[in-house]
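Notes to accompany the following structure.
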Amino acid sequence: MKMTEIADKLKLIPLTVNEDVDTHDIQSAYQSDLLSCVICAAGDKSIWVTLINNINIVAVAKLLDIPVIIITEGALPDEATIDRARLEGISVYSSPKGNYQIAGELWELGITE
């Protein structure tokens, strides 16, 4: 499924959207608020669901080739984080929903890996 379709269905708020966001189908997601867990277990080309909203999320996403981050619970990153995400080509979305709800909705859309 393309990320723009996922964002529409989940009513995500785009904070920065890479122009290449729809070049591949999203088939996996990973949810964690611990950077070390993400580094150990998240797959490349997946969606990362987290409450973390600081600049470290961009570094981890870049390291792992994660093209999309969904920040939950209405948490918003500062401008430096958004600017870095743009620079690194990482799409960042926000949602007022919690991690569990977003993960469940992704599962319902068929993102089951």
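We label chains A, B, ... in the order they appear in the structure tokens, count residues from 1 in each chain, and number ligands from 1 in the order shown.
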Could you please write out, as a ChimeraX atom specification, every residue of chain A that DSSP assigns to strand (DSSP E)?
-> /A:13-16,29-31,47-50,68-71,91-94
How close does each residue of stretch 1-73 of chain A get to stretch 90-104 of chain A, giving the shortest atom pair and distance in Å to one decimal for every residue with an atom at most 6 Å away, counting only C-alpha atoms, sorted by chain and residue number, as a tab-separated table?
```
residue	atom	partner	partner_atom	distance
A:Leu12	CA	A:Ser95	CA	5.4
A:Ile13	CA	A:Ser94	CA	5.0
A:Pro14	CA	A:Tyr93	CA	4.4
A:Leu15	CA	A:Tyr93	CA	5.3
A:Thr16	CA	A:Val92	CA	5.2
A:Val17	CA	A:Ser91	CA	4.3
A:Asn18	CA	A:Ser91	CA	5.2
A:Pro67	CA	A:Ile90	CA	4.9
A:Val68	CA	A:Ser91	CA	4.8
A:Ile69	CA	A:Val92	CA	4.9
A:Ile70	CA	A:Tyr93	CA	4.8
A:Ile71	CA	A:Ser94	CA	4.8
A:Thr72	CA	A:Ser95	CA	4.9
A:Glu73	CA	A:Pro96	CA	4.4
```
Which of these, A:Met1, A:Leu106, A:Leu76, A:Ile6, has the shortest distance to A:Thr23 once you count only C-alpha atoms?
->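 Checking each of A:Met1, A:Leu106, A:Leu76, A:Ile6 against A:Thr23, counting only C-alpha atoms, the winner is A:Met1.
Residues of stretch 40-76 of chain A assigned to helix (DSSP H, G or I) by DSSP on this structure's backbone: A:Cys40, A:Ala41, A:Asn56, A:Ile57, A:Val58, A:Ala59, A:Val60, A:Ala61, A:Lys62, A:Leu63, A:Leu64.
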Can you write out the residues you just picked, keeping N, CA and C atoms, as an mmCIF file, in the first residue's frame?
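Everything below was put into selection13.cif:
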```
data_model
loop_
_atom_site.group_PDB
_atom_site.id
_atom_site.type_symbol
_atom_site.label_atom_id
_atom_site.label_comp_id
_atom_site.auth_asym_id
_atom_site.auth_seq_id
_atom_site.Cartn_x
_atom_site.Cartn_y
_atom_site.Cartn_z
ATOM 1 N N CYS A 40 17.567 -2.501 16.764
ATOM 2 C CA CYS A 40 17.733 -3.963 16.725
ATOM 3 C C CYS A 40 16.675 -4.689 15.907
ATOM 4 N N ALA A 41 15.474 -4.140 15.820
ATOM 5 C CA ALA A 41 14.389 -4.954 15.278
ATOM 6 C C ALA A 41 13.597 -4.366 14.111
ATOM 7 N N ASN A 56 16.612 12.668 17.400
ATOM 8 C CA ASN A 56 17.200 11.328 17.347
ATOM 9 C C ASN A 56 16.401 10.364 16.477
ATOM 10 N N ILE A 57 15.102 10.604 16.332
ATOM 11 C CA ILE A 57 14.301 9.709 15.490
ATOM 12 C C ILE A 57 14.742 9.774 14.037
ATOM 13 N N VAL A 58 15.172 10.954 13.612
ATOM 14 C CA VAL A 58 15.611 11.111 12.223
ATOM 15 C C VAL A 58 16.915 10.350 12.003
ATOM 16 N N ALA A 59 17.827 10.441 12.956
ATOM 17 C CA ALA A 59 19.106 9.728 12.833
ATOM 18 C C ALA A 59 18.893 8.223 12.770
ATOM 19 N N VAL A 60 18.018 7.703 13.616
ATOM 20 C CA VAL A 60 17.749 6.260 13.629
ATOM 21 C C VAL A 60 17.044 5.842 12.338
ATOM 22 N N ALA A 61 16.086 6.617 11.905
ATOM 23 C CA ALA A 61 15.384 6.293 10.656
ATOM 24 C C ALA A 61 16.347 6.285 9.479
ATOM 25 N N LYS A 62 17.237 7.243 9.426
ATOM 26 C CA LYS A 62 18.221 7.306 8.339
ATOM 27 C C LYS A 62 19.152 6.100 8.395
ATOM 28 N N LEU A 63 19.617 5.762 9.582
ATOM 29 C CA LEU A 63 20.502 4.612 9.775
ATOM 30 C C LEU A 63 19.877 3.321 9.255
ATOM 31 N N LEU A 64 18.587 3.163 9.471
ATOM 32 C CA LEU A 64 17.888 1.912 9.138
ATOM 33 C C LEU A 64 17.114 1.967 7.826
#
```
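Here atom CA of A:His24 stands at a distance of 27.9 Å from atom CA of A:Asp78.
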Smallest atom-to-atom distance to A:Gly43: which of A:Ala7, A:Leu87, A:Ile66, A:Ile111, using only C-alpha atoms?
-> A:Ile66
Can you tell me how far atom CA of A:Gly110 sits from atom CA of A:Ser36, in Å to one decimal?
->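 Distance between the two atoms: 26.2 Å.
Going from atom CA of A:Thr50 to atom CA of A:Lys2 covers 19.8 Å.
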Residue nearest A:Met3 among A:Ile55, A:Ile82, A:Ile47, A:Ile39 (counting only C-alpha atoms) =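 Ranking A:Ile55, A:Ile82, A:Ile47, A:Ile39 by distance to A:Met3, first place goes to A:Ile47.
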Closest to A:Lys45 among A:Leu10, A:Ile26, A:Ala85, A:Val21, using only C-alpha atoms?
-> A:Ile26
